[in-house]
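Visitor: There's a structure below that I have some questions on.
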Amino acid sequence: MDTPQVISTVQKKYILDLLKKGKRIDGRQFLQFRDVKINADIIPKAEGSAEAYLGESFIITGIKYEIGAPFPDSPDEGVATCMTEFIPFASPMFESGPPDIEAVEVARVVDRGIRHGDCIQYKELCIVPGEHVYILFVDMYVMNYAGNLIDTGTISAMTALLSTKLPKAKMEDGKVVWDGKYMTIPINQIPLSITFGKIEDYIFIDPILDEELVMDGKLSFASNEKGQIVSMQKSGEATWSEEDVVKCSKIAVQKLNELRNTLNLRQYTPKL
Amino acid sequence: MTLLIPETYPKKLIDKNGKRLDGRALDELRPFKCKIGVLANAHGSAYVEHGKNKIYAGVYGPREVHPRHLARPDKGILRVYYRMSSFSVHERKSPAPNRREREISKIIEDALAPTLFLELYPNSAIEIFVQVIAADGGTRCASTTAASLALADAGLPLKSLVAGVAAGKVDGKIILDCGDIEDKAGQADIPAAIRMTDEEYTLLQFDGEMTPEELETAISYVKKGAREIFAKQTAAIKEKFERIRQETDAENKKIGKTDINPDDDMLGDEDSMDMPLELEKGLERVKEDKTKSSDKSSKPEKEVNTLKEESK
Amino acid sequence: MTEANTDIRQIVVPGEILTEDSNFLPGRGAIRKGNKLISIYIGLKEVRGKYINVVPLRGKYRPEIGDKVIGKIVDITSVKWRVDINACDTGALKPKDSMDVYDKRSQRGRAKVSSRELEFEAMKKFGLGDMLIAKIVSVDRVSEPVITTVGESLGKITEGTIISVDVPKIPRIIGKKGSMIKLLKDLTTCRLFIAKNGLVWIRGVSPELENLCIEAIRKIEREAHTTGLTDRIQYYIQEKKQERGLK
């Protein structure tokens, strides 16, 4: 049916009945991610790119750059900015037009995960402090919406960043020029994100579309290889107890380490 | 926007052996691949790789028109949204739609409307979303190819598939299927798309300088290229279903089922849903009397006047 | 091209020539173009006597009077419910077509209740998101389809789960004389209702059996154009039951 935004009362009851029995509608465990499929370096004119599937949610990310001025309060650092666009064919709910608030949220949450926790080494993206730095555009396009775009987006964005080949810059006669070689984006820690959904008192990870539409709220964490939490985002009307938050944060670190090992995203780093 | 490596175009686009930049002959098509049913939520979808172009098309419809006042009481409206991803080109493109994209959207609408039976969908819209994720010259042609496949995948009744390809002129020579640089640095560019049942043009534009004789050659090249693309569109569609048949044949063997009466066990007209199409110009439908359906040469309940020509 | 009954139904694409023999007549999914018949769908070519049909493999539901459909209430106005019936237009359900409310009311003594009040009361019967089994009452080119929930086995769905399948595959899920749906019901012990508009209601004794039933339906959907399907589905369900330790 093309009106997923109107939640079916029967389906909501069904999902809840299953949760009470310790089951989910697609047969997964409560703490189980859907299957991930990744292809990197698929866009010839992008400096970096990746398509990622988390279950049937599908996002393509491309990395472009330009040389520009840094932010005044961080003159010796490069810049990375995330954007998300929902393509209308991704869901019957999406209309053509400017990014709606959900898209903006996905972009900002992914952005936060990348910004902190020793991920991109922004100082190494500086060419001339105060004047010339690399500005990276992390552009995520949602191709199919089947729940949990934050985690799908993070996987897609991180793979794209790791696969990026940037032309190296040097100064010549006061101008920024290409020195003939390439560099990868210096990335120390790879953050990944995990989203917990909540329906009444039941908490599970990686909500599929039907769960996402009926759930009372969600809580996303990003964590890096050092086991640090690098971002959190609560959304939706549900409230979370202190105990839940602490428990989820521990599960987040553990599950993401597992996921990171399974995905082995560093394999997508290009050979220069 | 400051980039370190500019896009450069070589002076000569055809070498002394008559080969083009990518080694092709003058009338040679770029590599072409396609697949249908690639986007799970869309009613119909397709993915095309034409040269280094990578394009997804997704269809919704018929569905309600928004805003309502644009709905037509006599027929459905077709809306195409052609968009290029920011990273599909050398210099990052702003995500906001620009005039070129809006023009191309309309061109593609006009290319596909002649294949649809829009009179079947009053007050409704058929919407095609085309997303170019990698661009390499001739995107509007490849987009039309993809959109046509997506319409077919959606199960919408269609008079024909449409195949899109451009011709051009570089270094004084007519060429088929311009690549990116040939498109940008050449002397002429003719994007086109052809409705394959009658080989009529449904998309045709021209940009540059050519004599009428050169134009004639270019158009014949377009036909040649479109025929090749159409053969691949058809093959890709059939291959999808044939592959499943091969798998199931193997499975049948495995479970020891060999004596299959093909008539007995397949989706067929006898049990199929009555999905009537209205009798419109050029369209005929014969409704069989279902109680006599076991008689293979059963007559219809009433005779229908057959039209000699399909009116367009 | 001679057109004896082809052994295996050929896959054809829109615009493909089905025959150039002008003795044949176009059936469903085929149109005449000069002396040729061409397909208008991706589908299975089928010759029945003088007629050549193309059975489409995908397509949207087109409501017809008498069809039993599953719908979802997606909007409530002051005079009706708007129901998503998986077609191009939403269906309209008016309070008088959920008539049993009226019946009950009129039985409750001699109270004079205005029809506006009855309507108002009736509108409380169904809410946003409610799933219904309904019947198409009327369809025309100008207005939206009208449905009713008055009738045997019609009304609100209160349990189970509902999935969406390709409408043209519905006959294959039902099977000749119901053979396939009977197989699904017998082997998975699930209750099933297959609506004409591509929605299938499933209620089983356990989530595992429900999931197995759904998997089997997806397999039918995918393989609807192949031969030997009924036996393969039987084998598939029995094999999975064994693998998963289900009875």
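Convention: chains lettered A, B, ... in structure tokens order; per-chain residue numbering from 1; ligands numbered from 1 as shown.
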With a cut-off of 7 Å, could you pull out the residues of chain C touching chain B and give me the nearest pair of atoms for each, distance in Å to one decimal, using only C-alpha atoms, ordered by chain and ascending number, as JSON lines?

Guide:
```
{"residue": "C:Asp7", "atom": "CA", "partner": "B:Pro262", "partner_atom": "CA", "distance": 6.5}
{"residue": "C:Ile8", "atom": "CA", "partner": "B:Pro262", "partner_atom": "CA", "distance": 6.0}
{"residue": "C:Ile11", "atom": "CA", "partner": "B:Lys238", "partner_atom": "CA", "distance": 6.3}
{"residue": "C:Val13", "atom": "CA", "partner": "B:Thr234", "partner_atom": "CA", "distance": 6.7}
{"residue": "C:Pro14", "atom": "CA", "partner": "B:Ser160", "partner_atom": "CA", "distance": 5.1}
{"residue": "C:Gly15", "atom": "CA", "partner": "B:Ser160", "partner_atom": "CA", "distance": 4.1}
{"residue": "C:Pro26", "atom": "CA", "partner": "B:Arg285", "partner_atom": "CA", "distance": 6.9}
{"residue": "C:Gly27", "atom": "CA", "partner": "B:Val286", "partner_atom": "CA", "distance": 5.3}
{"residue": "C:Arg28", "atom": "CA", "partner": "B:Arg285", "partner_atom": "CA", "distance": 5.7}
{"residue": "C:Ile31", "atom": "CA", "partner": "B:Leu283", "partner_atom": "CA", "distance": 5.8}
{"residue": "C:Arg32", "atom": "CA", "partner": "B:Glu310", "partner_atom": "CA", "distance": 6.4}
{"residue": "C:Lys33", "atom": "CA", "partner": "B:Glu310", "partner_atom": "CA", "distance": 5.1}
{"residue": "C:Gly34", "atom": "CA", "partner": "B:Glu309", "partner_atom": "CA", "distance": 4.9}
{"residue": "C:Ile40", "atom": "CA", "partner": "B:Leu158", "partner_atom": "CA", "distance": 4.9}
{"residue": "C:Tyr41", "atom": "CA", "partner": "B:Pro157", "partner_atom": "CA", "distance": 5.4}
{"residue": "C:Ile42", "atom": "CA", "partner": "B:Ala152", "partner_atom": "CA", "distance": 6.4}
{"residue": "C:Arg48", "atom": "CA", "partner": "B:Lys296", "partner_atom": "CA", "distance": 5.2}
{"residue": "C:Gly49", "atom": "CA", "partner": "B:Ser297", "partner_atom": "CA", "distance": 3.8}
{"residue": "C:Lys50", "atom": "CA", "partner": "B:Ser297", "partner_atom": "CA", "distance": 6.3}
{"residue": "C:Val55", "atom": "CA", "partner": "B:Asp269", "partner_atom": "CA", "distance": 6.4}
{"residue": "C:Pro56", "atom": "CA", "partner": "B:Gly155", "partner_atom": "CA", "distance": 6.7}
{"residue": "C:Leu57", "atom": "CA", "partner": "B:Gly155", "partner_atom": "CA", "distance": 6.9}
{"residue": "C:Arg58", "atom": "CA", "partner": "B:Gly155", "partner_atom": "CA", "distance": 4.6}
{"residue": "C:Gly59", "atom": "CA", "partner": "B:Gly155", "partner_atom": "CA", "distance": 4.2}
{"residue": "C:Arg62", "atom": "CA", "partner": "B:Met275", "partner_atom": "CA", "distance": 6.6}
{"residue": "C:Cys88", "atom": "CA", "partner": "B:Arg63", "partner_atom": "CA", "distance": 4.8}
{"residue": "C:Asp89", "atom": "CA", "partner": "B:Glu64", "partner_atom": "CA", "distance": 6.6}
{"residue": "C:Pro168", "atom": "CA", "partner": "B:Met273", "partner_atom": "CA", "distance": 6.6}
{"residue": "C:Pro171", "atom": "CA", "partner": "B:Ser272", "partner_atom": "CA", "distance": 5.5}
{"residue": "C:Arg172", "atom": "CA", "partner": "B:Leu267", "partner_atom": "CA", "distance": 5.7}
{"residue": "C:Lys176", "atom": "CA", "partner": "B:Asp271", "partner_atom": "CA", "distance": 6.8}
{"residue": "C:Glu223", "atom": "CA", "partner": "B:Ile244", "partner_atom": "CA", "distance": 6.9}
{"residue": "C:Ala224", "atom": "CA", "partner": "B:Leu267", "partner_atom": "CA", "distance": 6.0}
{"residue": "C:His225", "atom": "CA", "partner": "B:Leu267", "partner_atom": "CA", "distance": 5.9}
{"residue": "C:Thr226", "atom": "CA", "partner": "B:Arg245", "partner_atom": "CA", "distance": 5.7}
{"residue": "C:Thr227", "atom": "CA", "partner": "B:Asp265", "partner_atom": "CA", "distance": 5.4}
{"residue": "C:Gly228", "atom": "CA", "partner": "B:Asp265", "partner_atom": "CA", "distance": 6.0}
{"residue": "C:Leu229", "atom": "CA", "partner": "B:Asp265", "partner_atom": "CA", "distance": 6.6}
{"residue": "C:Arg232", "atom": "CA", "partner": "B:Asn252", "partner_atom": "CA", "distance": 6.8}
```

Visitor: Per DSSP on the backbone, what are the alpha helix (DSSP H) residues of range 6-189 of chain C, as an MDAnalysis selection string?

Guide: chainID C and resid 100:107 115:122 170:174 179:188

Visitor: Generate a file of the selected residues that holds N, CA and C atoms, formatted as a CSV table (one decimal), in the first residue's frame.

Guide:
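New file out_13.csv:
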```csv
chain,number,residue,atom,x,y,z
C,100,ASP,N,-24.7,-2.0,9.9
C,100,ASP,CA,-25.2,-2.7,11.1
C,100,ASP,C,-25.3,-1.8,12.3
C,101,VAL,N,-24.5,-0.7,12.3
C,101,VAL,CA,-24.7,0.3,13.3
C,101,VAL,C,-26.1,0.8,13.3
C,102,TYR,N,-26.6,1.1,12.2
C,102,TYR,CA,-27.9,1.6,12.0
C,102,TYR,C,-28.9,0.6,12.5
C,103,ASP,N,-28.7,-0.7,12.1
C,103,ASP,CA,-29.6,-1.7,12.5
C,103,ASP,C,-29.8,-1.8,14.0
C,104,LYS,N,-28.6,-1.8,14.7
C,104,LYS,CA,-28.6,-1.9,16.2
C,104,LYS,C,-29.4,-0.7,16.8
C,105,ARG,N,-29.1,0.4,16.2
C,105,ARG,CA,-29.8,1.6,16.7
C,105,ARG,C,-31.3,1.6,16.6
C,106,SER,N,-31.7,1.1,15.4
C,106,SER,CA,-33.2,1.2,15.2
C,106,SER,C,-33.9,0.1,16.1
C,107,GLN,N,-33.1,-0.9,16.6
C,107,GLN,CA,-33.7,-1.9,17.4
C,107,GLN,C,-33.8,-1.4,18.9
C,115,SER,N,-30.9,11.2,11.4
C,115,SER,CA,-29.9,10.5,10.6
C,115,SER,C,-28.5,11.1,10.8
C,116,ARG,N,-28.5,12.4,11.1
C,116,ARG,CA,-27.2,13.1,11.3
C,116,ARG,C,-26.5,12.5,12.6
C,117,GLU,N,-27.4,12.3,13.6
C,117,GLU,CA,-26.8,11.7,14.8
C,117,GLU,C,-26.3,10.3,14.6
C,118,LEU,N,-27.1,9.5,13.8
C,118,LEU,CA,-26.7,8.2,13.5
C,118,LEU,C,-25.4,8.2,12.7
C,119,GLU,N,-25.3,9.1,11.8
C,119,GLU,CA,-24.0,9.2,11.1
C,119,GLU,C,-22.9,9.5,12.0
C,120,PHE,N,-23.1,10.4,12.9
C,120,PHE,CA,-22.1,10.8,13.8
C,120,PHE,C,-21.6,9.6,14.7
C,121,GLU,N,-22.6,8.9,15.1
C,121,GLU,CA,-22.3,7.7,15.9
C,121,GLU,C,-21.6,6.7,15.1
C,122,ALA,N,-22.0,6.5,13.9
C,122,ALA,CA,-21.4,5.5,13.0
C,122,ALA,C,-19.9,5.8,12.7
C,170,ILE,N,-2.1,-12.9,-8.0
C,170,ILE,CA,-3.1,-13.4,-7.1
C,170,ILE,C,-3.7,-14.8,-7.6
C,171,PRO,N,-4.0,-14.9,-8.9
C,171,PRO,CA,-4.6,-16.2,-9.3
C,171,PRO,C,-3.7,-17.3,-9.1
C,172,ARG,N,-2.4,-17.1,-9.1
C,172,ARG,CA,-1.5,-18.2,-8.9
C,172,ARG,C,-1.4,-18.6,-7.4
C,173,ILE,N,-1.6,-17.6,-6.6
C,173,ILE,CA,-1.6,-17.9,-5.1
C,173,ILE,C,-2.9,-18.6,-4.7
C,174,ILE,N,-3.9,-18.3,-5.5
C,174,ILE,CA,-5.2,-19.1,-5.2
C,174,ILE,C,-5.1,-20.5,-5.9
C,179,SER,N,-6.4,-24.7,-5.6
C,179,SER,CA,-5.5,-25.8,-5.2
C,179,SER,C,-4.3,-25.2,-4.4
C,180,MET,N,-3.7,-24.1,-4.8
C,180,MET,CA,-2.6,-23.6,-4.1
C,180,MET,C,-2.9,-23.0,-2.7
C,181,ILE,N,-4.0,-22.3,-2.6
C,181,ILE,CA,-4.3,-21.7,-1.3
C,181,ILE,C,-4.6,-22.8,-0.3
C,182,LYS,N,-5.2,-23.9,-0.8
C,182,LYS,CA,-5.5,-25.0,0.0
C,182,LYS,C,-4.2,-25.7,0.5
C,183,LEU,N,-3.3,-25.8,-0.4
C,183,LEU,CA,-1.9,-26.3,0.0
C,183,LEU,C,-1.3,-25.5,1.1
C,184,LEU,N,-1.3,-24.1,0.9
C,184,LEU,CA,-0.7,-23.2,1.9
C,184,LEU,C,-1.4,-23.4,3.3
C,185,LYS,N,-2.7,-23.4,3.2
C,185,LYS,CA,-3.5,-23.5,4.5
C,185,LYS,C,-3.2,-24.9,5.2
C,186,ASP,N,-3.2,-25.9,4.4
C,186,ASP,CA,-3.1,-27.3,5.0
C,186,ASP,C,-1.7,-27.4,5.6
C,187,LEU,N,-0.7,-27.0,4.8
C,187,LEU,CA,0.7,-27.3,5.3
C,187,LEU,C,1.2,-26.4,6.3
C,188,THR,N,0.7,-25.1,6.3
C,188,THR,CA,1.2,-24.2,7.3
C,188,THR,C,0.2,-23.9,8.5
```

Visitor: Show me a table, sorted first by chain and then by increasing residue number, of the residues of chain A having an atom at most 10 Å from chain C, each with its shortest atom pair and the distance in Å to one decimal, counting only C-alpha atoms and written as CSV.

Guide:
```
residue,atom,partner,partner_atom,distance
A:Met1,CA,C:Asn86,CA,5.3
A:Asp2,CA,C:Asn86,CA,7.0
A:Thr3,CA,C:Asp84,CA,7.4
A:Pro4,CA,C:Val74,CA,9.7
A:Gln5,CA,C:Val74,CA,9.1
A:Val6,CA,C:Gly129,CA,5.9
A:Ile7,CA,C:Gly129,CA,5.3
A:Ser8,CA,C:Gly129,CA,4.4
A:Thr9,CA,C:Gly129,CA,5.3
A:Val10,CA,C:Thr158,CA,5.9
A:Gln11,CA,C:Thr161,CA,6.0
A:Lys12,CA,C:Thr161,CA,9.4
A:Lys13,CA,C:Glu159,CA,7.5
A:Tyr14,CA,C:Thr161,CA,6.4
A:Ile15,CA,C:Thr161,CA,8.9
A:Asp17,CA,C:Pro207,CA,9.8
A:Leu18,CA,C:Pro207,CA,7.5
A:Lys21,CA,C:Pro207,CA,9.2
A:Lys23,CA,C:Pro207,CA,8.0
A:Arg24,CA,C:Pro207,CA,9.0
A:Ile25,CA,C:Pro207,CA,8.2
A:Asp26,CA,C:Asn211,CA,7.9
A:Gly27,CA,C:Asn211,CA,7.8
```

Visitor: Give me, as an mmCIF file with N, CA and C atoms, in the first residue's frame, the contact residues of chain B against chain A at a cut-off of 10 Å, counting only C-alpha atoms.

Guide:
```
data_model
loop_
_atom_site.group_PDB
_atom_site.id
_atom_site.type_symbol
_atom_site.label_atom_id
_atom_site.label_comp_id
_atom_site.auth_asym_id
_atom_site.auth_seq_id
_atom_site.Cartn_x
_atom_site.Cartn_y
_atom_site.Cartn_z
ATOM 1 N N MET B 1 34.081 27.766 -7.622
ATOM 2 C CA MET B 1 34.572 26.527 -7.013
ATOM 3 C C MET B 1 35.982 26.254 -7.509
ATOM 4 N N THR B 2 36.917 26.103 -6.588
ATOM 5 C CA THR B 2 38.304 25.861 -6.994
ATOM 6 C C THR B 2 38.596 24.378 -6.970
ATOM 7 N N LEU B 3 38.962 23.851 -8.119
ATOM 8 C CA LEU B 3 39.377 22.456 -8.184
ATOM 9 C C LEU B 3 40.817 22.391 -8.632
ATOM 10 N N LEU B 4 41.476 21.355 -8.208
ATOM 11 C CA LEU B 4 42.894 21.251 -8.524
ATOM 12 C C LEU B 4 43.124 20.710 -9.924
ATOM 13 N N ILE B 5 42.236 19.848 -10.374
ATOM 14 C CA ILE B 5 42.402 19.236 -11.692
ATOM 15 C C ILE B 5 41.229 19.667 -12.553
ATOM 16 N N PRO B 6 41.477 20.525 -13.541
ATOM 17 C CA PRO B 6 40.355 20.958 -14.369
ATOM 18 C C PRO B 6 39.972 19.881 -15.373
ATOM 19 N N VAL B 38 14.911 -2.761 -9.612
ATOM 20 C CA VAL B 38 16.081 -2.531 -8.754
ATOM 21 C C VAL B 38 15.780 -1.717 -7.502
ATOM 22 N N LEU B 39 14.603 -1.093 -7.444
ATOM 23 C CA LEU B 39 14.243 -0.289 -6.277
ATOM 24 C C LEU B 39 13.002 -0.909 -5.663
ATOM 25 N N ALA B 40 13.106 -1.341 -4.403
ATOM 26 C CA ALA B 40 12.053 -2.174 -3.820
ATOM 27 C C ALA B 40 10.715 -1.461 -3.669
ATOM 28 N N ASN B 41 10.709 -0.183 -3.257
ATOM 29 C CA ASN B 41 9.437 0.474 -2.985
ATOM 30 C C ASN B 41 8.723 0.996 -4.220
ATOM 31 N N ALA B 42 9.465 1.408 -5.233
ATOM 32 C CA ALA B 42 8.834 1.996 -6.414
ATOM 33 C C ALA B 42 7.940 0.964 -7.102
ATOM 34 N N HIS B 43 6.895 1.427 -7.771
ATOM 35 C CA HIS B 43 6.004 0.504 -8.478
ATOM 36 C C HIS B 43 6.747 -0.194 -9.603
ATOM 37 N N GLY B 44 7.644 0.566 -10.249
ATOM 38 C CA GLY B 44 8.480 -0.001 -11.295
ATOM 39 C C GLY B 44 9.812 0.717 -11.266
ATOM 40 N N SER B 45 10.881 0.037 -11.664
ATOM 41 C CA SER B 45 12.190 0.692 -11.619
ATOM 42 C C SER B 45 13.151 0.049 -12.598
ATOM 43 N N LYS B 52 29.784 5.453 -19.302
ATOM 44 C CA LYS B 52 29.978 5.568 -17.853
ATOM 45 C C LYS B 52 28.784 6.234 -17.182
ATOM 46 N N ASN B 53 27.705 6.454 -17.957
ATOM 47 C CA ASN B 53 26.490 6.955 -17.328
ATOM 48 C C ASN B 53 25.928 5.886 -16.420
ATOM 49 N N LYS B 54 25.460 6.293 -15.233
ATOM 50 C CA LYS B 54 24.767 5.355 -14.345
ATOM 51 C C LYS B 54 23.488 6.055 -13.914
ATOM 52 N N TYR B 56 19.358 5.662 -12.451
ATOM 53 C CA TYR B 56 18.236 4.919 -11.880
ATOM 54 C C TYR B 56 16.936 5.629 -12.259
ATOM 55 N N ALA B 57 15.912 4.851 -12.574
ATOM 56 C CA ALA B 57 14.591 5.436 -12.791
ATOM 57 C C ALA B 57 13.585 4.681 -11.933
ATOM 58 N N GLY B 58 12.703 5.430 -11.287
ATOM 59 C CA GLY B 58 11.658 4.808 -10.472
ATOM 60 C C GLY B 58 10.317 5.413 -10.811
ATOM 61 N N VAL B 59 9.287 4.557 -10.890
ATOM 62 C CA VAL B 59 7.954 5.004 -11.310
ATOM 63 C C VAL B 59 6.947 4.809 -10.187
ATOM 64 N N TYR B 60 6.093 5.796 -10.000
ATOM 65 C CA TYR B 60 4.903 5.624 -9.169
ATOM 66 C C TYR B 60 3.696 5.989 -10.018
ATOM 67 N N GLY B 61 2.658 5.166 -9.926
ATOM 68 C CA GLY B 61 1.434 5.586 -10.602
ATOM 69 C C GLY B 61 0.707 4.420 -11.245
ATOM 70 N N ARG B 63 -1.301 7.485 -9.655
ATOM 71 C CA ARG B 63 -1.658 7.868 -8.299
ATOM 72 C C ARG B 63 -2.230 9.282 -8.304
ATOM 73 N N HIS B 66 -0.848 15.732 -7.038
ATOM 74 C CA HIS B 66 -0.680 16.821 -6.064
ATOM 75 C C HIS B 66 0.093 17.942 -6.738
ATOM 76 N N TYR B 81 10.744 13.686 -13.380
ATOM 77 C CA TYR B 81 11.642 14.517 -12.576
ATOM 78 C C TYR B 81 13.058 14.016 -12.830
ATOM 79 N N ARG B 83 16.915 14.444 -12.389
ATOM 80 C CA ARG B 83 17.829 15.161 -11.497
ATOM 81 C C ARG B 83 19.210 14.528 -11.574
ATOM 82 N N SER B 85 22.715 13.901 -9.553
ATOM 83 C CA SER B 85 23.291 13.926 -8.205
ATOM 84 C C SER B 85 24.481 14.875 -8.182
ATOM 85 N N SER B 86 24.733 15.416 -7.015
ATOM 86 C CA SER B 86 25.797 16.417 -6.876
ATOM 87 C C SER B 86 27.152 15.870 -7.311
ATOM 88 N N PHE B 87 27.346 14.569 -7.099
ATOM 89 C CA PHE B 87 28.670 13.984 -7.364
ATOM 90 C C PHE B 87 28.750 13.312 -8.734
ATOM 91 N N SER B 88 27.722 13.531 -9.562
ATOM 92 C CA SER B 88 27.697 12.814 -10.837
ATOM 93 C C SER B 88 28.587 13.479 -11.884
ATOM 94 N N VAL B 89 29.029 14.679 -11.596
ATOM 95 C CA VAL B 89 29.804 15.446 -12.571
ATOM 96 C C VAL B 89 31.125 15.892 -11.958
ATOM 97 N N HIS B 90 31.989 16.455 -12.798
ATOM 98 C CA HIS B 90 33.339 16.797 -12.363
ATOM 99 C C HIS B 90 33.329 17.844 -11.252
ATOM 100 N N GLU B 91 32.596 18.946 -11.513
ATOM 101 C CA GLU B 91 32.499 19.985 -10.489
ATOM 102 C C GLU B 91 31.176 19.784 -9.760
ATOM 103 N N ARG B 92 31.216 19.711 -8.455
ATOM 104 C CA ARG B 92 30.016 19.349 -7.691
ATOM 105 C C ARG B 92 28.838 20.233 -8.075
ATOM 106 N N LYS B 93 27.741 19.585 -8.325
ATOM 107 C CA LYS B 93 26.554 20.313 -8.713
ATOM 108 C C LYS B 93 25.680 20.528 -7.479
ATOM 109 N N PRO B 95 22.573 20.518 -5.221
ATOM 110 C CA PRO B 95 21.442 19.587 -5.276
ATOM 111 C C PRO B 95 20.137 20.213 -5.756
ATOM 112 N N ALA B 96 20.010 21.524 -5.664
ATOM 113 C CA ALA B 96 18.733 22.136 -6.064
ATOM 114 C C ALA B 96 18.527 21.982 -7.567
ATOM 115 N N PRO B 97 17.278 21.738 -7.992
ATOM 116 C CA PRO B 97 17.033 21.549 -9.431
ATOM 117 C C PRO B 97 17.287 22.840 -10.205
ATOM 118 N N GLU B 127 4.217 9.237 -12.342
ATOM 119 C CA GLU B 127 5.407 10.026 -12.028
ATOM 120 C C GLU B 127 6.657 9.180 -12.176
ATOM 121 N N ILE B 128 7.590 9.703 -12.938
ATOM 122 C CA ILE B 128 8.856 9.004 -13.141
ATOM 123 C C ILE B 128 9.974 9.851 -12.537
ATOM 124 N N PHE B 129 10.749 9.256 -11.652
ATOM 125 C CA PHE B 129 11.868 9.954 -11.032
ATOM 126 C C PHE B 129 13.154 9.369 -11.596
ATOM 127 N N VAL B 130 13.931 10.216 -12.227
ATOM 128 C CA VAL B 130 15.180 9.763 -12.839
ATOM 129 C C VAL B 130 16.332 10.391 -12.072
ATOM 130 N N GLN B 131 17.234 9.581 -11.593
ATOM 131 C CA GLN B 131 18.373 10.090 -10.846
ATOM 132 C C GLN B 131 19.658 9.665 -11.545
ATOM 133 N N ILE B 133 23.321 9.177 -11.322
ATOM 134 C CA ILE B 133 24.337 9.140 -10.273
ATOM 135 C C ILE B 133 25.740 9.255 -10.846
ATOM 136 N N ALA B 134 25.898 8.986 -12.134
ATOM 137 C CA ALA B 134 27.178 9.249 -12.794
ATOM 138 C C ALA B 134 26.860 9.701 -14.212
ATOM 139 N N ALA B 135 27.473 10.804 -14.649
ATOM 140 C CA ALA B 135 27.171 11.381 -15.956
ATOM 141 C C ALA B 135 28.362 11.248 -16.891
ATOM 142 N N ASP B 136 28.054 10.934 -18.164
ATOM 143 C CA ASP B 136 29.142 10.712 -19.108
ATOM 144 C C ASP B 136 28.703 11.053 -20.523
#
```

Visitor: In terms of the shortest atom-to-atom distance over only C-alpha atoms, which of A:Ile150, A:Leu265, A:Met171, A:Val230 is closest to Lys218 in chain A?

Guide: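 When distances to Lys218 in chain A are compared using only C-alpha atoms, the smallest one comes from A:Ile150.
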
Visitor: Provide the CA of Tyr53 in chain A to CA of Ile101 in chain A distance in Å, to one decimal place.

Guide: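 Those two atoms sit 22.3 Å apart.
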
Visitor: Separation of CA of Ile205 in chain A and CA of Val106 in chain A, in Å?

Guide: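 That distance, rounded to one decimal, is 16.6 Å.
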
Visitor: Pick out the residues sitting within 12 Å of Ile203 in chain A, and hand them over as JSON, numbers by chain; count only C-alpha atoms, and ignore anything fewer than 3 positions along from it in its own chain.

Guide: {"A": [16, 19, 20, 22, 23, 24, 29, 30, 31, 32, 195, 196, 197, 198, 199, 200, 206, 207, 211, 212, 215, 216, 217, 218, 219, 238, 239, 240, 241, 244, 245, 247, 248, 251]}

Visitor: Can you tell me, as a ChimeraX atom specification, which residues in range 38-126 of chain C count as strand (DSSP E) by DSSP?

Guide: /C:38-39,43-48,51-56,68-76,81-84,91-93

Visitor: Write out as a list of chain:residue names each polymer residue whose atoms come within 12 Å of Lys80 in chain C, counting only C-alpha atoms; drop sequence neighbours fewer than 2 positions from it.

Guide: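 Returned residues: C:Ile73, C:Val74, C:Asp75, C:Ile76, C:Thr77, C:Ser78, C:Arg82, C:Val83, C:Thr90, C:Gly91, C:Ala92, C:Leu93, C:Lys94, C:Pro95, C:Lys96, C:Asp97, C:Ser98, C:Glu119, C:Phe120, C:Ala122, C:Met123, C:Lys124, C:Lys125, C:Phe126, C:Gly127, C:Leu128, C:Val146, C:Ile147, C:Thr148.
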
Visitor: Using only C-alpha atoms, pick whichever of A:Ala80, A:Val109, A:Ile190, A:Ala160 has the shortest atom-to-atom distance to Leu136 in chain A.

Guide: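 Ranked by minimum distance to Leu136 in chain A, first place goes to A:Ala80.
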
Visitor: If we count only C-alpha atoms, what is near Ser138 in chain C at a cut-off of 9 Å, once residues fewer than 5 positions away on the same chain are taken out, given as a VMD selection string?

Guide: chain C and resid 63 to 66 144 to 147

Visitor: CA of Glu216 in chain B and CA of Ala142 in chain B are how many Å apart?

Guide: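 Computing it gives 21.9 Å between the two atoms.
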
Visitor: For Ile155 in chain A, find every residue with an atom within 9 Å (counting only C-alpha atoms), except residues of its own chain fewer than 2 positions away, and show them as a PyMOL selection string.

Guide: chain A and resi 36+38+50-54+150-153+157-160+191-193+265

Visitor: Do you know which residues are at most 9 Å from Asp110 in chain B counting only C-alpha atoms, after dropping those on the same chain fewer than 5 positions away, and could you put them as a ChimeraX atom specification?

Guide: /B:78,105,202-203
